[in-house]
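Coordinates from coords-v6.txt are shown below (compact mmCIF, C-alpha atoms).
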```
# COMPACT_ATOMS: atom_id res chain seq x y z
CA MET A 1 6.36 -61.59 -14.86
CA LEU A 2 5.48 -63.14 -18.23
CA SER A 3 4.17 -61.04 -21.09
CA LEU A 4 0.72 -61.97 -22.38
CA ASP A 5 2.02 -63.55 -25.57
CA ASP A 6 4.49 -65.63 -23.54
CA TYR A 7 1.55 -67.46 -21.99
CA GLN A 8 0.66 -68.53 -25.51
CA ARG A 9 4.25 -69.18 -26.61
CA TYR A 10 5.02 -71.46 -23.66
CA GLY A 11 1.48 -72.66 -22.94
CA ARG A 12 2.11 -76.32 -23.81
CA GLN A 13 4.80 -76.63 -21.14
CA LEU A 14 3.15 -74.28 -18.64
CA ILE A 15 0.31 -76.78 -18.16
CA LEU A 16 2.65 -79.67 -17.34
CA ASP A 17 2.48 -81.06 -13.81
CA ARG A 18 5.51 -80.07 -11.71
CA PHE A 19 6.42 -77.42 -14.30
CA GLY A 20 3.77 -74.70 -14.42
CA LEU A 21 4.43 -70.98 -14.16
CA PRO A 22 7.23 -71.44 -11.57
CA GLY A 23 9.13 -73.66 -13.99
CA GLN A 24 8.83 -71.16 -16.82
CA LEU A 25 10.00 -68.32 -14.62
CA LYS A 26 13.04 -70.38 -13.60
CA LEU A 27 13.93 -70.82 -17.27
CA GLN A 28 13.36 -67.14 -17.98
CA THR A 29 15.82 -66.10 -15.27
CA ALA A 30 18.36 -68.85 -16.04
CA SER A 31 21.59 -68.63 -17.99
CA VAL A 32 23.24 -71.44 -19.92
CA VAL A 33 26.53 -71.53 -21.82
CA VAL A 34 27.04 -73.89 -24.76
CA VAL A 35 30.63 -74.64 -25.72
CA GLY A 36 30.59 -75.60 -29.38
CA ALA A 37 27.94 -74.57 -31.92
CA GLY A 38 28.32 -77.70 -34.05
CA GLY A 39 26.39 -80.93 -34.41
CA LEU A 40 25.57 -81.18 -30.69
CA GLY A 41 25.41 -77.50 -29.87
CA CYS A 42 22.99 -76.50 -32.62
CA PRO A 43 20.03 -78.70 -31.57
CA ALA A 44 20.73 -77.97 -27.89
CA ILE A 45 20.72 -74.20 -28.50
CA GLN A 46 17.63 -74.46 -30.69
CA TYR A 47 15.50 -76.18 -28.03
CA LEU A 48 16.87 -74.17 -25.11
CA ALA A 49 15.92 -70.99 -26.94
CA ALA A 50 12.50 -72.32 -27.87
CA ALA A 51 11.88 -73.32 -24.24
CA GLY A 52 12.56 -69.76 -23.06
CA ILE A 53 15.99 -69.81 -21.44
CA GLY A 54 16.68 -66.19 -20.55
CA ARG A 55 20.34 -66.00 -21.53
CA ILE A 56 22.43 -68.35 -23.69
CA GLY A 57 26.16 -68.04 -24.19
CA VAL A 58 27.63 -69.62 -27.32
CA ILE A 59 31.38 -70.17 -27.43
CA ASP A 60 32.86 -71.18 -30.78
CA HIS A 61 35.71 -69.66 -32.78
CA ASP A 62 35.14 -71.77 -35.91
CA VAL A 63 33.28 -70.65 -39.04
CA VAL A 64 30.42 -72.31 -40.90
CA GLU A 65 31.49 -74.64 -43.72
CA LEU A 66 29.47 -76.51 -46.32
CA SER A 67 30.29 -79.84 -44.68
CA ASN A 68 28.62 -78.63 -41.44
CA LEU A 69 25.13 -78.28 -42.88
CA GLN A 70 24.38 -82.03 -42.83
CA ARG A 71 23.99 -81.94 -39.04
CA GLN A 72 24.48 -78.41 -37.66
CA VAL A 73 20.88 -77.35 -38.06
CA LEU A 74 21.12 -73.70 -36.99
CA HIS A 75 23.49 -72.81 -39.81
CA THR A 76 22.47 -72.17 -43.41
CA ALA A 77 24.15 -72.09 -46.79
CA ASP A 78 24.04 -68.29 -46.95
CA ARG A 79 26.02 -68.09 -43.70
CA ILE A 80 29.01 -70.14 -44.89
CA GLY A 81 32.11 -68.31 -43.71
CA THR A 82 30.27 -66.70 -40.76
CA PRO A 83 31.53 -67.47 -37.25
CA LYS A 84 29.39 -70.27 -35.84
CA ALA A 85 28.64 -68.37 -32.64
CA VAL A 86 27.33 -65.43 -34.67
CA SER A 87 25.34 -67.72 -36.98
CA ALA A 88 23.75 -69.45 -33.98
CA ALA A 89 22.84 -66.08 -32.44
CA LYS A 90 21.12 -65.04 -35.67
CA ALA A 91 19.15 -68.28 -35.73
CA VAL A 92 18.03 -67.87 -32.11
CA GLU A 93 16.82 -64.36 -32.86
CA VAL A 94 14.46 -65.86 -35.43
CA ILE A 95 13.34 -68.69 -33.12
CA ASN A 96 12.77 -66.60 -29.99
CA PRO A 97 13.73 -62.91 -30.00
CA ARG A 98 13.20 -62.70 -26.22
CA VAL A 99 16.30 -64.79 -25.58
CA ARG A 100 19.56 -62.94 -25.00
CA VAL A 101 22.49 -64.58 -26.80
CA ASP A 102 26.15 -63.91 -26.04
CA ALA A 103 28.10 -64.84 -29.18
CA ILE A 104 31.68 -65.48 -28.04
CA VAL A 105 33.97 -65.88 -31.05
CA GLU A 106 37.14 -67.08 -29.35
CA PRO A 107 38.55 -70.46 -28.38
CA LEU A 108 38.01 -71.73 -24.84
CA GLU A 109 41.46 -72.01 -23.30
CA PRO A 110 42.93 -72.40 -19.80
CA ARG A 111 43.65 -68.65 -19.67
CA ASN A 112 40.01 -67.62 -20.21
CA ALA A 113 37.87 -70.63 -19.23
CA LEU A 114 37.00 -69.45 -15.72
CA ALA A 115 36.06 -65.95 -16.87
CA LEU A 116 33.98 -67.13 -19.84
CA LEU A 117 32.02 -69.85 -18.03
CA GLU A 118 31.55 -68.22 -14.61
CA PRO A 119 28.56 -65.97 -15.51
CA TYR A 120 26.28 -68.91 -16.37
CA ASP A 121 24.25 -71.35 -14.26
CA ILE A 122 24.87 -74.50 -16.32
CA ILE A 123 27.59 -75.49 -18.79
CA LEU A 124 26.99 -77.64 -21.88
CA ASP A 125 29.97 -79.43 -23.41
CA CYS A 126 29.21 -79.83 -27.11
CA THR A 127 32.83 -80.16 -28.24
CA ASP A 128 34.61 -83.00 -30.00
CA ASN A 129 38.14 -83.10 -28.60
CA ALA A 130 39.63 -84.47 -25.40
CA PRO A 131 41.71 -81.46 -24.23
CA THR A 132 38.68 -79.17 -24.26
CA ARG A 133 36.54 -81.77 -22.50
CA TYR A 134 39.00 -82.01 -19.61
CA LEU A 135 39.30 -78.22 -19.49
CA ILE A 136 35.53 -77.72 -19.36
CA SER A 137 35.09 -80.39 -16.68
CA ASP A 138 37.86 -79.00 -14.47
CA THR A 139 36.40 -75.52 -14.83
CA ALA A 140 32.91 -76.75 -13.94
CA VAL A 141 34.31 -78.35 -10.80
CA SER A 142 36.19 -75.17 -9.89
CA LEU A 143 33.04 -73.07 -10.38
CA ASN A 144 30.77 -75.72 -8.80
CA LYS A 145 28.42 -75.75 -11.78
CA PRO A 146 26.64 -78.71 -13.39
CA LEU A 147 28.08 -79.88 -16.70
CA VAL A 148 25.87 -81.50 -19.32
CA SER A 149 28.17 -83.38 -21.68
CA GLY A 150 27.38 -85.04 -25.00
CA ALA A 151 29.36 -86.92 -27.64
CA ALA A 152 28.50 -88.48 -31.00
CA GLN A 153 30.35 -90.39 -33.71
CA LYS A 154 29.27 -92.69 -36.50
CA PHE A 155 25.91 -94.17 -35.37
CA ASP A 156 26.57 -93.81 -31.63
CA GLY A 157 26.34 -91.20 -28.92
CA GLN A 158 26.54 -90.73 -25.19
CA LEU A 159 25.21 -88.30 -22.61
CA CYS A 160 26.24 -87.61 -19.03
CA VAL A 161 25.65 -84.89 -16.43
CA TYR A 162 28.80 -84.25 -14.42
CA ASN A 163 29.38 -82.42 -11.16
CA LEU A 164 25.69 -82.57 -10.23
CA GLY A 165 25.10 -82.21 -6.51
CA PRO A 166 27.62 -82.80 -3.74
CA ASP A 167 28.61 -86.30 -4.89
CA GLY A 168 28.24 -86.14 -8.67
CA PRO A 169 31.40 -87.36 -10.47
CA CYS A 170 33.31 -85.23 -12.93
CA TYR A 171 34.70 -86.17 -16.34
CA ARG A 172 38.08 -87.09 -14.82
CA CYS A 173 36.37 -89.52 -12.45
CA LEU A 174 35.14 -91.56 -15.40
CA PHE A 175 38.08 -90.98 -17.73
CA PRO A 176 41.23 -90.41 -15.66
CA ARG A 177 43.42 -91.08 -18.70
CA PRO A 178 42.75 -89.56 -22.12
CA PRO A 179 42.86 -91.62 -25.32
CA ALA A 180 45.85 -91.26 -27.63
CA PRO A 181 45.31 -88.53 -30.26
CA GLU A 182 45.80 -91.08 -33.05
CA VAL A 183 42.81 -93.19 -31.97
CA SER A 184 40.37 -90.41 -31.08
CA GLY A 185 39.12 -89.67 -34.57
CA SER A 186 36.91 -86.69 -35.33
CA CYS A 187 33.65 -86.76 -37.28
CA GLU A 188 35.61 -85.70 -40.36
CA GLU A 189 37.77 -88.81 -40.09
CA VAL A 190 35.27 -91.46 -38.99
CA GLY A 191 31.94 -89.94 -40.02
CA VAL A 192 28.66 -89.32 -38.18
CA LEU A 193 24.98 -89.58 -39.00
CA GLY A 194 23.56 -86.10 -38.56
CA VAL A 195 20.42 -87.20 -36.75
CA VAL A 196 22.56 -88.89 -34.07
CA THR A 197 24.07 -85.54 -33.10
CA GLY A 198 20.53 -84.15 -33.09
CA ILE A 199 19.33 -86.83 -30.66
CA ILE A 200 22.21 -86.27 -28.23
CA GLY A 201 22.05 -82.47 -28.50
CA ASN A 202 18.31 -82.50 -27.79
CA LEU A 203 18.89 -84.74 -24.79
CA GLN A 204 21.47 -82.24 -23.51
CA ALA A 205 18.82 -79.52 -23.73
CA LEU A 206 16.35 -81.79 -21.92
CA GLU A 207 18.75 -82.53 -19.05
CA THR A 208 19.49 -78.80 -18.74
CA ILE A 209 15.80 -77.91 -18.50
CA LYS A 210 15.24 -80.65 -15.91
CA ILE A 211 18.05 -79.33 -13.74
CA LEU A 212 16.90 -75.71 -13.97
CA THR A 213 13.27 -76.52 -13.15
CA GLY A 214 14.01 -79.00 -10.36
CA LEU A 215 12.77 -82.02 -12.32
CA HIS A 216 16.11 -83.85 -12.33
CA ASP A 217 16.49 -86.69 -9.82
CA GLY A 218 20.15 -85.82 -9.23
CA LYS A 219 21.37 -89.38 -9.85
CA PRO A 220 24.54 -89.65 -11.97
CA THR A 221 24.06 -91.87 -15.02
CA LEU A 222 25.74 -92.40 -18.38
CA LEU A 223 23.31 -92.77 -21.27
CA ILE A 224 24.58 -94.76 -24.25
CA PHE A 225 22.81 -94.48 -27.62
CA SER A 226 23.34 -96.69 -30.64
CA ALA A 227 21.18 -96.11 -33.70
CA LEU A 228 21.72 -99.66 -35.00
CA SER A 229 21.16 -101.54 -31.73
CA SER A 230 17.97 -102.80 -30.14
CA PRO A 231 17.18 -101.30 -27.72
CA GLN A 232 18.81 -98.09 -28.87
CA PHE A 233 19.28 -96.63 -25.38
CA ARG A 234 21.20 -98.06 -22.44
CA ASN A 235 21.50 -96.34 -19.06
CA ILE A 236 24.50 -97.03 -16.83
CA LYS A 237 24.36 -96.04 -13.16
CA LEU A 238 27.51 -94.24 -12.09
CA ARG A 239 29.27 -94.25 -8.76
CA SER A 240 29.75 -91.04 -6.81
CA ARG A 241 32.89 -88.94 -6.99
CA ARG A 242 36.21 -90.76 -6.95
CA ALA A 243 37.97 -89.82 -3.73
CA THR A 244 41.36 -89.72 -5.43
CA CYS A 245 40.20 -87.70 -8.46
CA PRO A 246 42.73 -84.86 -8.91
CA ALA A 247 39.93 -82.46 -9.87
CA CYS A 248 36.97 -83.14 -7.56
CA GLY A 249 38.23 -85.72 -5.03
CA ASN A 250 39.32 -85.01 -1.47
CA GLU A 251 42.37 -87.27 -1.38
CA GLY A 252 45.73 -87.25 -3.11
CA GLU A 253 47.38 -84.75 -5.42
CA LYS A 254 45.34 -82.00 -7.08
CA ILE A 255 45.60 -80.65 -10.63
CA GLY A 256 46.52 -77.11 -9.56
CA SER A 257 45.60 -73.85 -11.27
CA ILE A 258 43.57 -74.38 -14.46
CA SER A 259 45.18 -71.41 -16.20
CA GLU A 260 48.59 -73.03 -15.85
CA LEU A 261 47.66 -76.51 -17.10
CA ASP A 262 48.63 -77.77 -20.56
CA TYR A 263 45.62 -79.85 -21.55
CA VAL A 264 46.96 -80.58 -25.02
CA ALA A 265 50.12 -82.11 -23.60
CA PHE A 266 48.08 -84.04 -21.02
CA CYS A 267 46.07 -85.57 -23.88
CA GLY A 268 49.17 -86.64 -25.80
CA GLY A 269 49.94 -83.56 -27.86
CA GLN A 270 48.28 -81.95 -30.83
CA ARG A 271 45.85 -84.04 -32.86
CA PRO A 272 47.57 -85.17 -36.05
CA ASP A 273 46.86 -83.01 -39.07
CA TRP A 274 46.12 -85.94 -41.35
CA VAL A 275 46.21 -83.84 -44.50
CA SER A 276 49.66 -82.43 -43.74
CA LYS A 277 50.79 -85.79 -42.44
CA GLY A 278 49.81 -87.33 -45.76
CA MET A 279 51.90 -84.72 -47.55
CA GLU A 280 55.07 -85.67 -45.66
CA MET A 281 57.64 -87.36 -47.80
CA GLY A 282 58.75 -90.82 -46.75
CA THR A 283 61.57 -92.76 -48.37
CA PRO A 284 63.07 -90.68 -51.22
CA GLY A 285 61.47 -91.80 -54.45
CA GLY A 286 58.92 -93.85 -52.57
CA ARG A 287 55.93 -91.62 -53.28
CA ILE A 288 54.34 -89.94 -56.26
CA HIS A 289 52.52 -86.62 -56.56
CA ALA A 290 49.09 -86.32 -58.13
CA GLN A 291 50.24 -84.54 -61.29
CA ASP A 292 52.99 -87.11 -61.87
CA LEU A 293 50.50 -89.93 -61.39
CA ASP A 294 48.23 -88.27 -63.93
CA GLU A 295 51.09 -88.16 -66.44
CA SER A 296 51.87 -91.81 -65.75
CA LEU A 297 48.25 -92.81 -66.36
CA LYS A 298 48.27 -90.94 -69.67
CA SER A 299 51.51 -92.52 -70.85
CA GLU A 300 52.02 -95.93 -72.41
CA THR A 301 53.42 -97.30 -69.13
CA ARG A 302 51.38 -100.09 -67.60
CA VAL A 303 49.93 -98.97 -64.27
CA ARG A 304 48.01 -100.73 -61.52
CA ILE A 305 46.15 -98.65 -58.91
CA ILE A 306 45.22 -100.15 -55.54
CA ASP A 307 42.71 -98.17 -53.45
CA VAL A 308 43.00 -99.12 -49.76
CA ARG A 309 39.97 -97.19 -48.48
CA PRO A 310 36.99 -99.05 -46.95
CA PRO A 311 34.48 -100.34 -49.53
CA VAL A 312 31.90 -97.70 -48.56
CA GLU A 313 34.36 -94.91 -49.43
CA PHE A 314 35.45 -96.66 -52.63
CA GLY A 315 31.77 -96.69 -53.59
CA ILE A 316 31.56 -92.91 -53.20
CA CYS A 317 34.26 -92.22 -55.78
CA HIS A 318 37.41 -93.82 -57.17
CA LEU A 319 39.93 -93.50 -59.96
CA PRO A 320 39.10 -95.37 -63.16
CA ASN A 321 40.35 -98.97 -63.30
CA SER A 322 41.47 -98.94 -59.67
CA ILE A 323 40.91 -102.02 -57.54
CA ASN A 324 39.71 -101.89 -53.95
CA VAL A 325 41.71 -103.77 -51.32
CA PRO A 326 40.88 -102.27 -47.89
CA LEU A 327 43.93 -101.64 -45.71
CA ALA A 328 42.80 -104.07 -43.00
CA GLU A 329 42.53 -106.89 -45.54
CA LEU A 330 45.87 -105.97 -47.08
CA VAL A 331 47.64 -105.99 -43.73
CA ALA A 332 46.03 -109.29 -42.75
CA ASP A 333 46.88 -110.98 -46.05
CA PRO A 334 49.43 -109.16 -48.26
CA ALA A 335 49.51 -112.18 -50.53
CA LYS A 336 46.04 -111.14 -51.65
CA VAL A 337 47.86 -108.58 -53.79
CA THR A 338 51.36 -109.98 -54.16
CA ARG A 339 50.25 -113.43 -55.34
CA ASP A 340 48.94 -111.71 -58.46
CA GLU A 341 52.36 -110.28 -59.24
CA PRO A 342 52.16 -107.81 -62.13
CA PRO A 343 54.67 -107.83 -65.00
CA GLU A 344 57.95 -106.06 -64.23
CA GLU A 345 57.08 -103.11 -66.42
CA THR A 346 53.83 -102.49 -64.47
CA ALA A 347 54.00 -99.77 -61.80
CA THR A 348 51.83 -100.21 -58.70
CA TYR A 349 50.43 -97.07 -57.11
CA VAL A 350 48.50 -97.15 -53.84
CA VAL A 351 45.89 -94.48 -53.05
CA CYS A 352 43.69 -93.59 -50.08
CA ARG A 353 41.75 -90.55 -48.95
CA LEU A 354 44.50 -88.36 -47.48
CA GLY A 355 47.75 -90.20 -48.17
CA ASN A 356 48.28 -91.84 -44.78
CA ASP A 357 46.90 -95.37 -45.05
CA SER A 358 48.55 -95.67 -48.45
CA GLN A 359 52.00 -95.23 -46.87
CA LEU A 360 51.29 -98.12 -44.51
CA ALA A 361 50.04 -100.23 -47.41
CA VAL A 362 53.19 -99.62 -49.46
CA ASP A 363 55.37 -100.69 -46.53
CA VAL A 364 53.33 -103.89 -46.20
CA LEU A 365 53.65 -104.68 -49.91
CA ARG A 366 57.39 -104.04 -49.98
CA ASN A 367 57.95 -106.16 -46.87
CA ALA A 368 55.91 -108.89 -48.51
CA GLY A 369 58.37 -108.93 -51.38
CA MET A 370 56.55 -107.03 -54.13
CA ALA A 371 59.08 -106.08 -56.78
CA GLY A 372 59.15 -103.23 -59.25
CA ILE A 373 57.77 -99.74 -58.76
CA VAL A 374 55.53 -99.55 -55.66
CA LYS A 375 54.58 -96.02 -54.62
CA ASP A 376 51.74 -94.24 -52.91
CA LEU A 377 49.96 -91.01 -53.80
CA VAL A 378 51.11 -88.00 -51.74
CA GLY A 379 48.06 -86.34 -50.20
CA GLY A 380 45.74 -89.09 -51.43
CA LEU A 381 42.63 -88.53 -53.48
CA ARG A 382 42.13 -85.12 -51.89
CA ALA A 383 45.34 -84.01 -53.59
CA TRP A 384 44.10 -85.59 -56.84
CA ALA A 385 40.93 -83.47 -56.63
CA LYS A 386 42.95 -80.34 -55.88
CA ASP A 387 45.77 -80.70 -58.40
CA VAL A 388 44.39 -82.82 -61.24
CA ASP A 389 40.60 -83.18 -61.41
CA ARG A 390 38.55 -80.39 -59.84
CA ASP A 391 35.38 -82.39 -60.57
CA PHE A 392 36.55 -85.33 -58.45
CA PRO A 393 34.37 -85.52 -55.28
CA VAL A 394 35.83 -84.34 -51.97
CA TYR A 395 34.07 -85.67 -48.87
```
Would you mind writing the file out in structure tokens?
Amino acid sequence: MLSLDDYQRYGRQLILDRFGLPGQLKLQTASVVVVGAGGLGCPAIQYLAAAGIGRIGVIDHDVVELSNLQRQVLHTADRIGTPKAVSAAKAVEVINPRVRVDAIVEPLEPRNALALLEPYDIILDCTDNAPTRYLISDTAVSLNKPLVSGAAQKFDGQLCVYNLGPDGPCYRCLFPRPPAPEVSGSCEEVGVLGVVTGIIGNLQALETIKILTGLHDGKPTLLIFSALSSPQFRNIKLRSRRATCPACGNEGEKIGSISELDYVAFCGGQRPDWVSKGMEMGTPGGRIHAQDLDESLKSETRVRIIDVRPPVEFGICHLPNSINVPLAELVADPAKVTRDEPPEETATYVVCRLGNDSQLAVDVLRNAGMAGIVKDLVGGLRAWAKDVDRDFPVY
């Protein structure tokens, strides 16, 4: 049931105790679906394909961008603009042409979740937003399939297998209430070290292989990873299913039909579009556009620029002669800026990355009694790069 060259391809795992030929045949006949071909999904797909999973579904409606390449290791510069699911399928064909890949270029939604996930044995959640996480978990419970879930931000990550066995908890058991959209920042907003997503994604592939081959002990645990801690890994034993869980429990009110649920509303509404939010106009005359700021800097008018980004971002790039006062410090001690009151003819302009923190900073300065012109840059430094200086770095 294996071709002759497969014995060579998979030989290093075939000789493992408790794995052997039966384990390889289980992988060959197994099917796995990966939701999200990004920082977590790419390494998971890569190692699942290399291990010889027979069929891999990849669900992702996004396209490859330059900013993805730092961590999404299946994608390449020449595939920028290609749907991620298609790009991942092309990469798998190079890694292991025996693997069948279903490239699904559409968003996972309540209307299609059951149909898209049902054909596969195991589901991998490699997404980065709360509504989709709840949707995937509820669907896994409805289909009675194990869910291998990963998450990564900054230097940290976590891994958990949900709905494993008769008593395994689901995502709702651990997180019955979602975080507010304003505090659940994405990798674009808070950053992530690429190798961290690689570690968690590889661990998702490992847990999947263990489940398929019967090597998993079936005990629910939450693995916490922190790149800057010692030790880097911490394992937390989880309790069994919560009896009152509306998804998998046997008591209390149930969530109802998945196709009729509004997961976005449940999680507090749409995630803020921070770029558009930064473009919103506040108090009339209280903000300045990038081109007008450029004209002001070129004129004889005295100008002071306060950059309220964190020091690490200020170190990446900043406007000439700007001073760095991080927003947290400004809020904690506005006098840090106001005590050095500029002359009346000096205009104070506050800048940040997208034009959101700068609005808060201007409110703080005005409430602290700063006189004269105090405005913030609409759209932040991203607008400056777009409308004034095309050579200004965008990150």
Compile the contact shell of segment 215-230 of chain A as an mmCIF file with C-alpha atoms, in the coordinates of the input: residues with an atom at most 10 Å away, counting all atoms listed in the file, same-chain residues fewer than 3 positions apart removed.
```
data_model
loop_
_atom_site.group_PDB
_atom_site.id
_atom_site.type_symbol
_atom_site.label_atom_id
_atom_site.label_comp_id
_atom_site.auth_asym_id
_atom_site.auth_seq_id
_atom_site.Cartn_x
_atom_site.Cartn_y
_atom_site.Cartn_z
ATOM 1 C CA ARG A 18 5.510 -80.070 -11.710
ATOM 2 C CA PHE A 19 6.420 -77.420 -14.300
ATOM 3 C CA GLY A 23 9.130 -73.660 -13.990
ATOM 4 C CA SER A 149 28.170 -83.380 -21.680
ATOM 5 C CA GLY A 150 27.380 -85.040 -25.000
ATOM 6 C CA ALA A 151 29.360 -86.920 -27.640
ATOM 7 C CA ALA A 152 28.500 -88.480 -31.000
ATOM 8 C CA GLN A 153 30.350 -90.390 -33.710
ATOM 9 C CA LYS A 154 29.270 -92.690 -36.500
ATOM 10 C CA PHE A 155 25.910 -94.170 -35.370
ATOM 11 C CA ASP A 156 26.570 -93.810 -31.630
ATOM 12 C CA GLY A 157 26.340 -91.200 -28.920
ATOM 13 C CA GLN A 158 26.540 -90.730 -25.190
ATOM 14 C CA LEU A 159 25.210 -88.300 -22.610
ATOM 15 C CA CYS A 160 26.240 -87.610 -19.030
ATOM 16 C CA VAL A 161 25.650 -84.890 -16.430
ATOM 17 C CA TYR A 162 28.800 -84.250 -14.420
ATOM 18 C CA ASN A 163 29.380 -82.420 -11.160
ATOM 19 C CA LEU A 164 25.690 -82.570 -10.230
ATOM 20 C CA GLY A 165 25.100 -82.210 -6.510
ATOM 21 C CA PRO A 166 27.620 -82.800 -3.740
ATOM 22 C CA ASP A 167 28.610 -86.300 -4.890
ATOM 23 C CA GLY A 168 28.240 -86.140 -8.670
ATOM 24 C CA PRO A 169 31.400 -87.360 -10.470
ATOM 25 C CA CYS A 170 33.310 -85.230 -12.930
ATOM 26 C CA LEU A 174 35.140 -91.560 -15.400
ATOM 27 C CA LEU A 193 24.980 -89.580 -39.000
ATOM 28 C CA VAL A 195 20.420 -87.200 -36.750
ATOM 29 C CA VAL A 196 22.560 -88.890 -34.070
ATOM 30 C CA ILE A 199 19.330 -86.830 -30.660
ATOM 31 C CA ILE A 200 22.210 -86.270 -28.230
ATOM 32 C CA LEU A 203 18.890 -84.740 -24.790
ATOM 33 C CA LEU A 206 16.350 -81.790 -21.920
ATOM 34 C CA GLU A 207 18.750 -82.530 -19.050
ATOM 35 C CA THR A 208 19.490 -78.800 -18.740
ATOM 36 C CA ILE A 209 15.800 -77.910 -18.500
ATOM 37 C CA LYS A 210 15.240 -80.650 -15.910
ATOM 38 C CA ILE A 211 18.050 -79.330 -13.740
ATOM 39 C CA LEU A 212 16.900 -75.710 -13.970
ATOM 40 C CA PHE A 233 19.280 -96.630 -25.380
ATOM 41 C CA ARG A 234 21.200 -98.060 -22.440
ATOM 42 C CA ASN A 235 21.500 -96.340 -19.060
ATOM 43 C CA ILE A 236 24.500 -97.030 -16.830
ATOM 44 C CA LYS A 237 24.360 -96.040 -13.160
ATOM 45 C CA LEU A 238 27.510 -94.240 -12.090
ATOM 46 C CA ARG A 239 29.270 -94.250 -8.760
ATOM 47 C CA SER A 240 29.750 -91.040 -6.810
ATOM 48 C CA ARG A 241 32.890 -88.940 -6.990
#
```
Wanna dump the segment 296-320 of chain A-segment 326-342 of chain A contacts at 7 Å for me, each residue with its shortest atom pair and the distance in Å to one decimal, counting all atoms listed in the file, ordered by chain and number, as CSV?
```
residue,atom,partner,partner_atom,distance
A:Val308,CA,A:Pro326,CA,4.2
A:Arg309,CA,A:Pro326,CA,5.2
A:Pro310,CA,A:Pro326,CA,5.1
A:Pro311,CA,A:Pro326,CA,6.9
```
Generate a file of the selected residues that holds C-alpha atoms, formatted as a PDB file, keeping the file's coordinate frame.
```pdb
ATOM      1  CA  VAL A 308      43.000 -99.120 -49.760  1.00  0.00           C
ATOM      2  CA  ARG A 309      39.970 -97.190 -48.480  1.00  0.00           C
ATOM      3  CA  PRO A 310      36.990 -99.050 -46.950  1.00  0.00           C
ATOM      4  CA  PRO A 311      34.480-100.340 -49.530  1.00  0.00           C
TER       5      PRO A 311
END
```
Worksheet entry | Straight-line distance linking atom CA of Ile288 of chain A with atom CA of Tyr395 of chain A, stated in Å to one decimal |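 About the pair atom CA of Ile288 of chain A and atom CA of Tyr395 of chain A: they are 22.0 Å apart.
Among the candidates A:Leu377, A:Ala88, A:Cys248, A:Val325, the residue lying nearest to Asp294 of chain A is A:Leu377 (atoms considered: only C-alpha atoms).
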Worksheet item: What lies within 8 Å of Val350 of chain A using only C-alpha atoms, ignoring chain neighbours under 2 positions off, as a VMD selection string?
Response: chain A and resid 305 to 308 348 352 358 361 to 362 374 to 377
Practice prompt. Using all atoms listed in the file, collect all residues at a distance of at most 7 Å from (37.2, -92.6, -11.6) as written in the file, then present them as JSON, numbers by chain.
Written response: {"A": [172, 173, 174, 175, 176, 242, 245]}
Worksheet item: Which residues come within 8 Å of Gly81 of chain A, counting all atoms listed in the file, excluding same-chain residues fewer than 3 positions away, as an NGL selection string?
Response: :A and (63-65)
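With all atoms listed in the file as the basis for measurement, A:Val351 is the residue among A:Ala37, A:Val312, A:Val351, A:Leu116 that approaches Ala383 of chain A most closely.
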Go ahead and find all residues with at least one atom no further than 12 Å from (50.3, -100.4, -62.8) in the file's coordinates, using all atoms listed in the file; report them as a PDB file with C-alpha atoms, in the coordinates of the input.
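Once written, part-v5.pdb looks like this:
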```pdb
ATOM      1  CA  LEU A 293      50.500 -89.930 -61.390  1.00  0.00           C
ATOM      2  CA  SER A 296      51.870 -91.810 -65.750  1.00  0.00           C
ATOM      3  CA  LEU A 297      48.250 -92.810 -66.360  1.00  0.00           C
ATOM      4  CA  LYS A 298      48.270 -90.940 -69.670  1.00  0.00           C
ATOM      5  CA  SER A 299      51.510 -92.520 -70.850  1.00  0.00           C
ATOM      6  CA  GLU A 300      52.020 -95.930 -72.410  1.00  0.00           C
ATOM      7  CA  THR A 301      53.420 -97.300 -69.130  1.00  0.00           C
ATOM      8  CA  ARG A 302      51.380-100.090 -67.600  1.00  0.00           C
ATOM      9  CA  VAL A 303      49.930 -98.970 -64.270  1.00  0.00           C
ATOM     10  CA  ARG A 304      48.010-100.730 -61.520  1.00  0.00           C
ATOM     11  CA  ILE A 305      46.150 -98.650 -58.910  1.00  0.00           C
ATOM     12  CA  ILE A 306      45.220-100.150 -55.540  1.00  0.00           C
ATOM     13  CA  ASN A 321      40.350 -98.970 -63.300  1.00  0.00           C
ATOM     14  CA  SER A 322      41.470 -98.940 -59.670  1.00  0.00           C
ATOM     15  CA  ILE A 323      40.910-102.020 -57.540  1.00  0.00           C
ATOM     16  CA  GLU A 341      52.360-110.280 -59.240  1.00  0.00           C
ATOM     17  CA  PRO A 342      52.160-107.810 -62.130  1.00  0.00           C
ATOM     18  CA  PRO A 343      54.670-107.830 -65.000  1.00  0.00           C
ATOM     19  CA  GLU A 344      57.950-106.060 -64.230  1.00  0.00           C
ATOM     20  CA  GLU A 345      57.080-103.110 -66.420  1.00  0.00           C
ATOM     21  CA  THR A 346      53.830-102.490 -64.470  1.00  0.00           C
ATOM     22  CA  ALA A 347      54.000 -99.770 -61.800  1.00  0.00           C
ATOM     23  CA  THR A 348      51.830-100.210 -58.700  1.00  0.00           C
ATOM     24  CA  TYR A 349      50.430 -97.070 -57.110  1.00  0.00           C
ATOM     25  CA  VAL A 350      48.500 -97.150 -53.840  1.00  0.00           C
ATOM     26  CA  GLY A 372      59.150-103.230 -59.250  1.00  0.00           C
ATOM     27  CA  ILE A 373      57.770 -99.740 -58.760  1.00  0.00           C
ATOM     28  CA  VAL A 374      55.530 -99.550 -55.660  1.00  0.00           C
ATOM     29  CA  LYS A 375      54.580 -96.020 -54.620  1.00  0.00           C
ATOM     30  CA  ASP A 376      51.740 -94.240 -52.910  1.00  0.00           C
TER      31      ASP A 376
END
```
